[in-house]
>>> print(open('target03.tsv').read())   # TSV, C-alpha atoms and all ligand atoms
chain	number	residue	atom	x	y	z
A	1309	MET	CA	18.30	-9.53	19.44
A	1310	LYS	CA	15.27	-11.77	18.94
A	1311	LYS	CA	15.59	-14.72	16.60
A	1312	HIS	CA	14.75	-13.71	13.07
A	1313	PRO	CA	13.70	-15.71	10.00
A	1314	GLN	CA	16.53	-17.10	7.86
A	1315	ILE	CA	15.02	-15.49	4.81
A	1316	ILE	CA	16.23	-12.12	6.12
A	1317	ASP	CA	19.83	-13.39	6.28
A	1318	ARG	CA	19.46	-14.66	2.74
A	1319	ILE	CA	18.24	-11.26	1.50
A	1320	VAL	CA	21.03	-9.42	3.34
A	1321	GLU	CA	23.55	-11.78	1.76
A	1322	ILE	CA	22.15	-11.21	-1.73
A	1323	ILE	CA	22.26	-7.44	-1.22
A	1324	ARG	CA	25.87	-7.62	0.01
A	1325	GLU	CA	26.93	-9.65	-3.03
A	1326	ASN	CA	25.37	-7.36	-5.64
A	1327	GLN	CA	26.02	-3.84	-6.84
A	1328	THR	CA	23.18	-2.43	-8.94
A	1329	PHE	CA	19.61	-2.38	-7.65
A	1330	CYS	CA	16.18	-1.34	-8.79
A	1331	ILE	CA	13.49	-1.04	-6.14
A	1332	VAL	CA	9.97	-1.25	-7.49
A	1333	GLY	CA	6.50	-0.83	-5.99
A	1334	HIS	CA	2.85	-1.17	-6.87
A	1335	MET	CA	0.65	1.00	-9.09
A	1336	ARG	CA	-0.88	4.00	-7.33
A	1337	PRO	CA	1.79	3.86	-4.62
A	1338	ASP	CA	0.72	4.62	-1.05
A	1339	GLY	CA	2.69	5.76	1.99
A	1340	ASP	CA	3.79	2.24	2.90
A	1341	CYS	CA	5.00	1.52	-0.62
A	1342	ILE	CA	6.94	4.77	-1.05
A	1343	GLY	CA	8.30	4.75	2.50
A	1344	SER	CA	9.50	1.15	2.12
A	1345	GLN	CA	11.04	1.72	-1.32
A	1346	LEU	CA	12.90	4.91	-0.42
A	1347	GLY	CA	13.85	3.72	3.08
A	1348	LEU	CA	15.47	0.63	1.60
A	1349	ALA	CA	17.00	2.64	-1.25
A	1350	LEU	CA	18.74	5.06	1.15
A	1351	ALA	CA	20.08	2.14	3.18
A	1352	LEU	CA	21.51	0.47	0.08
A	1353	GLN	CA	23.00	3.74	-1.13
A	1354	ALA	CA	24.70	4.17	2.23
A	1355	GLU	CA	26.20	0.72	1.68
A	1356	GLY	CA	27.72	1.96	-1.57
A	1357	LYS	CA	25.20	0.37	-3.92
A	1358	ARG	CA	23.85	1.93	-7.09
A	1359	VAL	CA	20.10	2.24	-6.63
A	1360	THR	CA	17.19	3.46	-8.71
A	1361	VAL	CA	13.56	3.46	-7.65
A	1362	TRP	CA	10.80	2.82	-10.18
A	1363	ASN	CA	7.02	3.04	-10.03
A	1364	GLN	CA	4.43	3.13	-12.76
A	1365	ASP	CA	2.62	6.06	-11.15
A	1366	ALA	CA	3.95	9.32	-9.70
A	1367	ILE	CA	4.26	9.99	-5.98
A	1368	PRO	CA	1.02	11.47	-4.61
A	1369	GLN	CA	1.36	15.13	-3.59
A	1370	LYS	CA	1.16	14.46	0.15
A	1371	TYR	CA	4.17	12.12	0.03
A	1372	LYS	CA	6.38	14.35	-2.11
A	1373	PHE	CA	8.12	15.74	0.99
A	1374	LEU	CA	9.62	12.27	1.45
A	1375	ASN	CA	11.41	12.29	-1.89
A	1376	THR	CA	14.35	14.40	-0.70
A	1377	SER	CA	17.03	12.42	-2.51
A	1378	ASP	CA	15.15	12.31	-5.83
A	1379	LEU	CA	15.83	8.63	-6.46
A	1380	PHE	CA	12.70	8.04	-8.51
A	1381	GLU	CA	13.21	7.50	-12.22
A	1382	LYS	CA	10.91	6.59	-15.06
A	1383	PRO	CA	11.02	2.87	-15.88
A	1384	LYS	CA	13.21	2.10	-18.89
A	1385	ARG	CA	12.78	-1.01	-20.96
A	1386	GLY	CA	15.81	-3.28	-21.15
A	1387	GLU	CA	17.87	-1.65	-18.38
A	1388	LYS	CA	20.09	-4.20	-16.59
A	1389	PHE	CA	20.27	-4.69	-12.84
A	1390	ASP	CA	22.00	-7.18	-10.60
A	1391	CYS	CA	18.97	-7.28	-8.35
A	1392	VAL	CA	15.38	-6.06	-8.48
A	1393	ILE	CA	13.49	-5.74	-5.18
A	1394	ALA	CA	9.71	-5.28	-5.04
A	1395	THR	CA	8.25	-3.86	-1.82
A	1396	ASP	CA	4.59	-3.88	-0.69
A	1397	CYS	CA	3.45	-5.42	-3.98
A	1398	ALA	CA	1.09	-8.40	-3.75
A	1399	SER	CA	1.37	-9.62	-7.34
A	1400	PHE	CA	3.51	-9.14	-10.44
A	1401	GLU	CA	0.51	-7.58	-12.20
A	1402	ARG	CA	0.26	-4.91	-9.48
A	1403	LEU	CA	3.66	-3.59	-10.61
A	1404	GLY	CA	1.89	-2.39	-13.75
A	1405	LYS	CA	4.13	-1.14	-16.55
A	1406	VAL	CA	7.21	-1.48	-14.35
A	1407	GLY	CA	6.80	-5.24	-14.70
A	1408	ASP	CA	7.71	-5.00	-18.41
A	1409	CYS	CA	10.96	-3.16	-17.65
A	1410	ILE	CA	12.66	-5.37	-15.06
A	1411	GLY	CA	13.37	-8.50	-17.11
A	1412	GLU	CA	17.14	-7.87	-17.24
A	1413	ARG	CA	18.13	-8.90	-13.74
A	1414	LYS	CA	20.10	-11.65	-12.08
A	1415	ILE	CA	17.83	-12.03	-9.08
A	1416	PHE	CA	14.39	-10.82	-8.06
A	1417	ILE	CA	13.40	-10.31	-4.39
A	1418	ASN	CA	9.83	-9.79	-3.16
A	1419	ILE	CA	9.35	-8.23	0.31
A	1420	ASP	CA	5.71	-7.87	1.28
A	1421	HIS	CA	3.04	-8.23	3.96
A	1422	HIS	CA	-0.07	-8.99	1.83
A	1423	VAL	CA	-1.62	-12.36	2.66
A	1424	SER	CA	-2.67	-12.53	-1.01
A	1425	ASN	CA	0.95	-12.28	-2.24
A	1426	THR	CA	1.51	-14.64	-5.18
A	1427	ARG	CA	5.24	-15.25	-4.47
A	1428	TYR	CA	6.22	-14.12	-7.96
A	1429	ALA	CA	9.96	-13.55	-7.38
A	1430	ASP	CA	13.06	-15.75	-6.90
A	1431	VAL	CA	13.23	-14.94	-3.20
A	1432	ASN	CA	9.97	-14.17	-1.42
A	1433	TRP	CA	9.80	-12.77	2.12
A	1434	ILE	CA	6.07	-12.54	2.83
A	1435	SER	CA	4.98	-11.80	6.38
A	1436	PRO	CA	1.22	-11.17	6.57
A	1437	ARG	CA	1.34	-10.70	10.38
A	1438	GLU	CA	3.19	-7.45	9.83
A	1439	PRO	CA	0.82	-4.47	9.50
A	1440	SER	CA	3.13	-2.66	7.06
A	1441	CYS	CA	5.92	-3.43	4.66
A	1442	GLY	CA	7.83	-0.60	6.30
A	1443	GLU	CA	8.21	-2.73	9.40
A	1444	LEU	CA	9.76	-5.51	7.31
A	1445	ILE	CA	12.29	-3.06	5.87
A	1446	TYR	CA	13.01	-1.86	9.41
A	1447	ARG	CA	13.69	-5.45	10.52
A	1448	LEU	CA	15.88	-6.04	7.49
A	1449	LEU	CA	18.02	-2.98	8.32
A	1450	LYS	CA	18.31	-4.09	11.94
A	1451	VAL	CA	19.40	-7.61	11.04
A	1452	ALA	CA	21.90	-6.26	8.51
A	1453	ARG	CA	23.14	-3.72	11.11
A	1454	TRP	CA	22.85	-0.92	8.60
A	1455	PRO	CA	22.46	2.45	10.32
A	1456	ILE	CA	18.99	4.00	10.25
A	1457	THR	CA	19.50	7.70	9.55
A	1458	LYS	CA	16.97	10.47	10.14
A	1459	PRO	CA	15.69	10.49	6.53
A	1460	MET	CA	15.26	6.70	6.67
A	1461	ALA	CA	13.40	7.05	9.98
A	1462	ASP	CA	11.02	9.58	8.38
A	1463	LEU	CA	10.35	7.20	5.49
A	1464	LEU	CA	9.81	4.08	7.56
A	1465	PHE	CA	7.69	5.91	10.14
A	1466	THR	CA	5.45	7.19	7.34
A	1467	ALA	CA	5.13	3.63	6.01
A	1468	VAL	CA	4.18	2.20	9.40
A	1469	SER	CA	1.86	5.08	10.30
A	1470	THR	CA	-0.11	5.12	7.04
A	1471	ASP	CA	-0.65	1.35	6.81
A	1472	THR	CA	-1.86	1.11	10.42
A	1473	GLY	CA	-4.23	4.10	10.16
A	1474	SER	CA	-1.97	5.92	12.66
A	1475	PHE	CA	-1.55	2.83	14.84
A	1476	GLN	CA	-5.30	2.22	15.03
A	1477	TYR	CA	-6.08	-0.80	12.86
A	1478	ALA	CA	-6.45	-4.19	14.53
A	1479	SER	CA	-3.33	-5.34	12.69
A	1480	THR	CA	-1.24	-3.01	14.91
A	1481	ARG	CA	0.84	-5.05	17.35
A	1482	PRO	CA	3.04	-4.22	20.36
A	1483	GLY	CA	6.06	-4.49	18.06
A	1484	THR	CA	4.57	-1.82	15.83
A	1485	PHE	CA	4.71	0.68	18.68
A	1486	HIS	CA	8.29	-0.39	19.47
A	1487	THR	CA	9.21	0.18	15.83
A	1488	GLY	CA	7.46	3.56	15.84
A	1489	ALA	CA	9.18	4.55	19.08
A	1490	GLU	CA	12.60	3.59	17.80
A	1491	LEU	CA	12.05	5.44	14.53
A	1492	VAL	CA	11.09	8.59	16.47
A	1493	THR	CA	14.19	8.09	18.64
A	1494	ARG	CA	16.24	8.00	15.46
A	1495	GLY	CA	14.86	11.33	14.39
A	1496	ALA	CA	11.57	10.68	12.56
A	1497	ASN	CA	9.82	14.05	12.55
A	1498	LEU	CA	6.39	13.07	13.86
A	1499	ALA	CA	4.90	16.58	13.67
A	1500	LYS	CA	6.09	17.17	10.11
A	1501	ILE	CA	5.00	13.72	8.88
A	1502	CYS	CA	1.53	13.95	10.44
A	1503	ASP	CA	1.07	17.49	9.15
A	1504	GLU	CA	2.07	16.55	5.58
A	1505	VAL	CA	0.21	13.25	5.44
A	1506	TYR	CA	-2.94	13.82	7.52
A	1507	GLN	CA	-3.44	17.60	7.72
A	1508	SER	CA	-2.66	18.88	4.23
A	1509	TYR	CA	-5.50	17.78	1.99
A	1510	PRO	CA	-6.20	19.85	-1.12
A	1511	LEU	CA	-9.53	21.66	-1.27
A	1512	SER	CA	-10.53	19.39	-4.16
A	1513	ARG	CA	-10.50	16.45	-1.78
A	1514	ALA	CA	-12.79	18.25	0.64
A	1515	LYS	CA	-15.19	18.75	-2.25
A	1516	LEU	CA	-14.99	15.05	-3.03
A	1517	LEU	CA	-15.69	14.29	0.62
A	1518	LYS	CA	-18.81	16.46	0.44
A	1519	HIS	CA	-19.91	14.28	-2.46
A	1520	VAL	CA	-19.21	11.14	-0.41
A	1521	TYR	CA	-21.31	12.30	2.53
A	1522	SER	CA	-24.22	13.36	0.38
A	1523	LYS	CA	-24.24	10.32	-1.92
A	1524	PHE	CA	-23.23	7.29	0.11
A	1525	ARG	CA	-25.68	4.40	0.23
A	1526	LEU	CA	-26.55	1.89	2.91
A	1527	SER	CA	-27.95	-1.61	2.68
A	1528	PRO	CA	-31.37	-2.01	4.41
A	1529	ASP	CA	-29.70	-3.56	7.47
A	1530	GLU	CA	-27.15	-0.69	7.46
A	1531	LYS	CA	-24.22	-3.11	7.59
A	1532	ILE	CA	-22.91	-2.27	4.13
A	1533	ALA	CA	-22.07	1.27	3.08
A	1534	TRP	CA	-20.83	2.28	-0.35
A	1535	PHE	CA	-20.39	5.17	-2.74
A	1536	TRP	CA	-19.43	5.74	-6.35
A	1537	LEU	CA	-16.73	8.01	-7.68
A	1538	LYS	CA	-17.41	8.68	-11.35
A	1539	GLN	CA	-15.18	10.56	-13.79
A	1540	LYS	CA	-17.64	13.46	-13.65
A	1541	ASP	CA	-17.11	13.71	-9.88
A	1542	PHE	CA	-13.38	14.14	-10.42
A	1543	ASN	CA	-13.94	16.68	-13.18
A	1544	ARG	CA	-16.43	18.64	-11.13
A	1545	THR	CA	-14.28	18.82	-7.99
A	1546	GLY	CA	-10.88	19.04	-9.64
A	1547	ALA	CA	-9.79	16.06	-7.55
A	1548	GLU	CA	-7.55	13.29	-8.86
A	1549	SER	CA	-7.72	9.58	-8.32
A	1550	ASN	CA	-4.81	10.07	-5.87
A	1551	ASP	CA	-7.02	12.17	-3.62
A	1552	THR	CA	-9.39	9.29	-2.90
A	1553	GLU	CA	-7.12	7.56	-0.37
A	1554	GLY	CA	-8.86	7.42	2.99
A	1555	LEU	CA	-12.28	8.58	1.78
A	1556	ILE	CA	-13.59	5.09	2.49
A	1557	ASP	CA	-12.75	5.51	6.19
A	1558	HIS	CA	-15.50	8.09	6.52
A	1559	ILE	CA	-18.20	5.54	5.74
A	1560	ARG	CA	-16.35	2.70	7.44
A	1561	ALA	CA	-16.53	4.77	10.64
A	1562	ILE	CA	-20.36	4.75	10.76
A	1563	GLU	CA	-21.47	2.66	13.72
A	1564	PRO	CA	-23.67	-0.07	12.22
A	1565	VAL	CA	-21.48	-0.43	9.12
A	1566	VAL	CA	-19.43	-3.63	8.98
A	1567	VAL	CA	-18.20	-3.49	5.39
A	1568	ALA	CA	-17.48	-0.32	3.42
A	1569	CYS	CA	-16.98	-0.28	-0.32
A	1570	VAL	CA	-15.92	2.35	-2.85
A	1571	PHE	CA	-16.67	1.93	-6.53
A	1572	GLU	CA	-14.37	4.08	-8.65
A	1573	GLU	CA	-14.95	4.44	-12.36
A	1574	VAL	CA	-11.60	3.93	-14.09
A	1575	GLU	CA	-13.06	3.59	-17.58
A	1576	PRO	CA	-16.76	3.42	-18.55
A	1577	GLU	CA	-16.70	-0.36	-18.13
A	1578	VAL	CA	-13.84	-0.80	-15.67
A	1579	THR	CA	-14.41	-0.25	-11.95
A	1580	ARG	CA	-11.89	-0.25	-9.15
A	1581	ILE	CA	-13.33	-1.40	-5.84
A	1582	SER	CA	-11.87	-0.85	-2.39
A	1583	LEU	CA	-13.21	-2.82	0.55
A	1584	ARG	CA	-12.84	-2.39	4.31
A	1585	SER	CA	-14.12	-4.69	7.03
A	1586	LYS	CA	-14.57	-3.99	10.74
A	1587	ASN	CA	-15.36	-7.60	11.65
A	1588	ASN	CA	-12.55	-10.16	11.65
A	1589	GLN	CA	-15.04	-12.80	10.48
A	1590	VAL	CA	-15.69	-10.86	7.31
A	1591	ASN	CA	-12.54	-11.27	5.23
A	1592	VAL	CA	-12.56	-8.73	2.41
A	1593	ASN	CA	-9.39	-10.22	0.94
A	1594	GLU	CA	-11.52	-13.27	0.09
A	1595	ILE	CA	-14.27	-11.10	-1.36
A	1596	ALA	CA	-11.75	-9.20	-3.52
A	1597	ALA	CA	-10.23	-12.51	-4.64
A	1598	GLN	CA	-13.60	-13.51	-6.16
A	1599	PHE	CA	-13.07	-10.59	-8.54
A	1600	GLY	CA	-9.40	-11.24	-9.26
A	1601	GLY	CA	-8.11	-8.82	-6.61
A	1602	GLY	CA	-6.63	-9.19	-3.14
A	1603	GLY	CA	-5.10	-7.42	-0.17
A	1604	HIS	CA	-5.53	-7.92	3.54
A	1605	PRO	CA	-8.40	-9.48	5.58
A	1606	SER	CA	-9.61	-6.03	6.62
A	1607	ALA	CA	-8.61	-3.99	3.54
A	1608	ALA	CA	-8.57	-5.18	-0.05
A	1609	GLY	CA	-9.39	-4.20	-3.60
A	1610	ALA	CA	-9.90	-5.33	-7.19
A	1611	ARG	CA	-10.44	-4.07	-10.72
A	1612	ILE	CA	-13.60	-5.37	-12.34
A	1613	ALA	CA	-14.70	-5.20	-15.98
A	1614	GLY	CA	-18.40	-4.82	-16.80
A	1615	THR	CA	-21.15	-2.26	-16.57
A	1616	PRO	CA	-21.22	-0.24	-13.33
A	1617	LEU	CA	-24.62	-1.60	-12.34
A	1618	SER	CA	-23.73	-5.26	-12.79
A	1619	THR	CA	-20.43	-4.71	-10.96
A	1620	GLN	CA	-22.24	-3.11	-8.04
A	1621	ARG	CA	-24.82	-5.92	-7.91
A	1622	LYS	CA	-22.16	-8.64	-7.91
A	1623	VAL	CA	-19.97	-7.00	-5.29
A	1624	ILE	CA	-22.81	-6.15	-2.90
A	1625	ALA	CA	-24.13	-9.70	-3.28
A	1626	ALA	CA	-20.69	-11.12	-2.40
A	1627	ILE	CA	-20.47	-8.85	0.66
A	1628	LYS	CA	-23.99	-9.89	1.78
A	1629	LYS	CA	-23.02	-13.54	1.47
A	1630	ALA	CA	-19.88	-13.01	3.55
A	1631	LEU	CA	-21.88	-11.14	6.20
A	1632	LYS	CA	-24.41	-13.96	6.39
A	1633	THR	CA	-21.78	-16.56	7.26
A	1634	ALA	CA	-20.11	-14.26	9.84
A	1635	LYS	CA	-21.20	-14.02	13.44
J	1701	MN	MN	1.37	-2.04	2.70
>>> encode(input="target03.tsv", output="structure tokens", more="lines below")
Ligand SMILES: [Mn+2]
Amino acid sequence: MKKHPQIIDRIVEIIRENQTFCIVGHMRPDGDCIGSQLGLALALQAEGKRVTVWNQDAIPQKYKFLNTSDLFEKPKRGEKFDCVIATDCASFERLGKVGDCIGERKIFINIDHHVSNTRYADVNWISPREPSCGELIYRLLKVARWPITKPMADLLFTAVSTDTGSFQYASTRPGTFHTGAELVTRGANLAKICDEVYQSYPLSRAKLLKHVYSKFRLSPDEKIAWFWLKQKDFNRTGAESNDTEGLIDHIRAIEPVVVACVFEEVEPEVTRISLRSKNNQVNVNEIAAQFGGGGHPSAAGARIAGTPLSTQRKVIAAIKKALKTAK
């Protein structure tokens, strides 16, 4: 096998030495987060460990088929663990309420692929070259020589597939296809996963998409596209905040658009922004960082306090500035 970073050996050693684990992920968990958490959890269980999986927010409907072993529990304050492992979570704050419940632990491990990761744990394995956290978990299992069963293959394949936009984003590397191929070899059900994740949207989301297409805005040079999702849009369509994943891709996919942005009203004066860039000289992680957020160079986000109009002005101005300095 190829040489691997020592940090993986260290993490395998810590896992071997400990017995009780809690695997935590970020707020509003996505396919990569859930796939990484549950994939690792099943591997640890198979090694005879006691494992619970905690998130602040529930699993989105389209990923519920992955939760076959029902390992998710509600976070409990003061529960003791030998080891807490965070997957796919760029900062301690992104754990949300779970962060308040994991103080009673001997050691804290952070496995992630966000370039903005703040290295908040005792042991931090951060690999921004990797397009998904799922691929890191896959490498960990390989190094440890823990068997990858069919349910684990389903979980890790979902993680890799969702964070690469089905192996389309520029972050996708040859190794990503090798990982995908091996996971399918080990029984990942490609047809089932793709049907559940990409072909099973609720009608409410289609209604939200109608709103997106009729209301999106373009900058005069057509390089920036954005839309707003207000509480009234959710009420009107019956959609939930969970249903918004991927909506941004519809405006990102317009030909002259370089940067796409979604403004989502969380509270009257709190806006969540999501940013996507199609030009590697426009780093949206840096734009998000100006507003206290982060992510990846081509996909990032932040939560911003202030009136909707001032938030929109500031964000669009920051995007314009970044576009100006890019080629
Ligand atoms: Mn991820």
>>> closest_residue(input="target03.tsv", among="A:Gln1539, A:Thr1426, A:Thr1376, A:Ser1440", to="ligand MN 1701 (chain J)", atoms="only C-alpha atoms and all ligand atoms")
A:Ser1440
>>> closest_residue(input="target03.tsv", among="A:Ile1315, A:Val1359, A:Ala1608, A:Ala1354", to="ligand MN 1701 (chain J)", atoms="only C-alpha atoms and all ligand atoms")
A:Ala1608
>>> closest_residue(input="target03.tsv", among="A:Leu1449, A:Leu1374, A:Ala1489, A:Ile1627", to="A:Trp1534", atoms="all atoms listed in the file")
A:Ile1627
>>> closest_residue(input="target03.tsv", among="A:Arg1385, A:His1604, A:Arg1336, A:Lys1458", to="A:Gly1495", atoms="only C-alpha atoms")
A:Lys1458
>>> residues_near_ligand(input="target03.tsv", ligand="ligand MN 1701 (chain J)", cutoff="6 Å", atoms="only C-alpha atoms and all ligand atoms", output="list in words")
Asp1340, Asp1396, Ser1440, Cys1441 and Asp1471 of chain A
>>> closest_residue(input="target03.tsv", among="A:Asn1497, A:Ser1344, A:Ser1512, A:Thr1328", to="A:Gly1546", atoms="only C-alpha atoms")
A:Ser1512
>>> atom_distance(input="target03.tsv", atom1="atom CA of A:Arg1427", atom2="atom CA of A:Lys1384")
23.9 Å
>>> atom_distance(input="target03.tsv", atom1="atom CA of A:Lys1450", atom2="atom CA of A:Tyr1428")
25.4 Å
>>> atom_distance(input="target03.tsv", atom1="atom CA of A:Pro1510", atom2="atom CA of A:Arg1544")
14.4 Å
>>> closest_residue(input="target03.tsv", among="A:Ala1496, A:Ala1398, A:Leu1517, A:Ile1417", to="A:Pro1459", atoms="all atoms listed in the file")
A:Ala1496
>>> residues_around(input="target03.tsv", residues="A:Gly1347", least_positions_apart="3", cutoff="10 Å", atoms="only C-alpha atoms", output="JSON, numbers by chain")
{"A": [1341, 1342, 1343, 1344, 1350, 1351, 1352, 1374, 1442, 1445, 1446, 1449, 1456, 1457, 1459, 1460, 1461, 1462, 1463, 1464, 1465, 1467]}
>>> residues_around(input="target03.tsv", residues="A:Ala1533", least_positions_apart="3", cutoff="12 Å", atoms="only C-alpha atoms", output="PyMOL selection string")
chain A and resi 1520-1521+1523-1530+1536+1556-1571+1582-1586+1620+1623-1624+1627-1628
>>> residues_around(input="target03.tsv", residues="A:Gln1314", least_positions_apart="4", cutoff="12 Å", atoms="only C-alpha atoms", output="JSON, numbers by chain")
{"A": [1318, 1319, 1320, 1321, 1431, 1432, 1433, 1448, 1451]}
>>> residues_around(input="target03.tsv", residues="A:Ser1435", least_positions_apart="2", cutoff="10 Å", atoms="only C-alpha atoms", output="count of residues only")
14
>>> residues_around(input="target03.tsv", residues="A:Ala1626", least_positions_apart="3", cutoff="10 Å", atoms="only C-alpha atoms", output="PDB file with C-alpha atoms, keeping the file's coordinate frame")
ATOM      1  CA  VAL A1592     -12.560  -8.730   2.410  1.00  0.00           C
ATOM      2  CA  GLU A1594     -11.520 -13.270   0.090  1.00  0.00           C
ATOM      3  CA  ILE A1595     -14.270 -11.100  -1.360  1.00  0.00           C
ATOM      4  CA  ALA A1596     -11.750  -9.200  -3.520  1.00  0.00           C
ATOM      5  CA  GLN A1598     -13.600 -13.510  -6.160  1.00  0.00           C
ATOM      6  CA  PHE A1599     -13.070 -10.590  -8.540  1.00  0.00           C
ATOM      7  CA  GLN A1620     -22.240  -3.110  -8.040  1.00  0.00           C
ATOM      8  CA  ARG A1621     -24.820  -5.920  -7.910  1.00  0.00           C
ATOM      9  CA  LYS A1622     -22.160  -8.640  -7.910  1.00  0.00           C
ATOM     10  CA  VAL A1623     -19.970  -7.000  -5.290  1.00  0.00           C
ATOM     11  CA  LYS A1629     -23.020 -13.540   1.470  1.00  0.00           C
ATOM     12  CA  ALA A1630     -19.880 -13.010   3.550  1.00  0.00           C
ATOM     13  CA  LEU A1631     -21.880 -11.140   6.200  1.00  0.00           C
ATOM     14  CA  LYS A1632     -24.410 -13.960   6.390  1.00  0.00           C
TER      15      LYS A1632
END
>>> axis_aligned_box(input="target03.tsv", around="stretch 1365-1373 of chain A", padding_each_side="8 Å", output="JSON")
{"center_x": 4.6, "center_y": 10.9, "center_z": -5.1, "size_x": 23.1, "size_y": 25.7, "size_z": 28.1}
>>> decode(input="target03.tsv", residues="stretch 1564-1578 of chain A", atoms="N, CA and C atoms", output="short mmCIF file (atom, residue, chain, number, x, y, z; two decimals), in the first residue's frame")
data_model
loop_
_atom_site.label_atom_id
_atom_site.label_comp_id
_atom_site.auth_asym_id
_atom_site.auth_seq_id
_atom_site.Cartn_x
_atom_site.Cartn_y
_atom_site.Cartn_z
N PRO A 1564 -22.59 32.37 -18.12
CA PRO A 1564 -21.65 33.45 -17.75
C PRO A 1564 -21.39 33.55 -16.25
N VAL A 1565 -22.17 32.86 -15.45
CA VAL A 1565 -22.05 33.01 -13.99
C VAL A 1565 -20.74 32.40 -13.49
N VAL A 1566 -20.02 33.18 -12.67
CA VAL A 1566 -18.78 32.70 -12.07
C VAL A 1566 -19.00 32.39 -10.59
N VAL A 1567 -19.74 33.27 -9.93
CA VAL A 1567 -20.04 33.04 -8.51
C VAL A 1567 -21.55 33.03 -8.30
N ALA A 1568 -22.02 32.02 -7.60
CA ALA A 1568 -23.45 31.93 -7.25
C ALA A 1568 -23.58 32.08 -5.74
N CYS A 1569 -24.66 32.73 -5.33
CA CYS A 1569 -24.86 32.97 -3.91
C CYS A 1569 -26.34 32.80 -3.55
N VAL A 1570 -26.58 32.11 -2.45
CA VAL A 1570 -27.93 32.01 -1.89
C VAL A 1570 -27.97 32.75 -0.57
N PHE A 1571 -28.99 33.58 -0.41
CA PHE A 1571 -29.23 34.25 0.86
C PHE A 1571 -30.45 33.58 1.49
N GLU A 1572 -30.27 32.97 2.63
CA GLU A 1572 -31.41 32.31 3.29
C GLU A 1572 -31.71 32.99 4.62
N GLU A 1573 -32.95 33.45 4.74
CA GLU A 1573 -33.37 34.10 5.98
C GLU A 1573 -33.52 33.05 7.08
N VAL A 1574 -32.70 33.16 8.11
CA VAL A 1574 -32.78 32.23 9.25
C VAL A 1574 -33.69 32.86 10.31
N GLU A 1575 -33.40 34.11 10.60
CA GLU A 1575 -34.25 34.95 11.45
C GLU A 1575 -34.35 36.28 10.72
N PRO A 1576 -35.27 37.17 11.15
CA PRO A 1576 -35.41 38.44 10.40
C PRO A 1576 -34.08 39.17 10.20
N GLU A 1577 -33.17 39.09 11.16
CA GLU A 1577 -31.89 39.78 10.97
C GLU A 1577 -30.70 38.83 11.00
N VAL A 1578 -30.93 37.59 10.65
CA VAL A 1578 -29.81 36.64 10.50
C VAL A 1578 -29.96 35.93 9.16
#
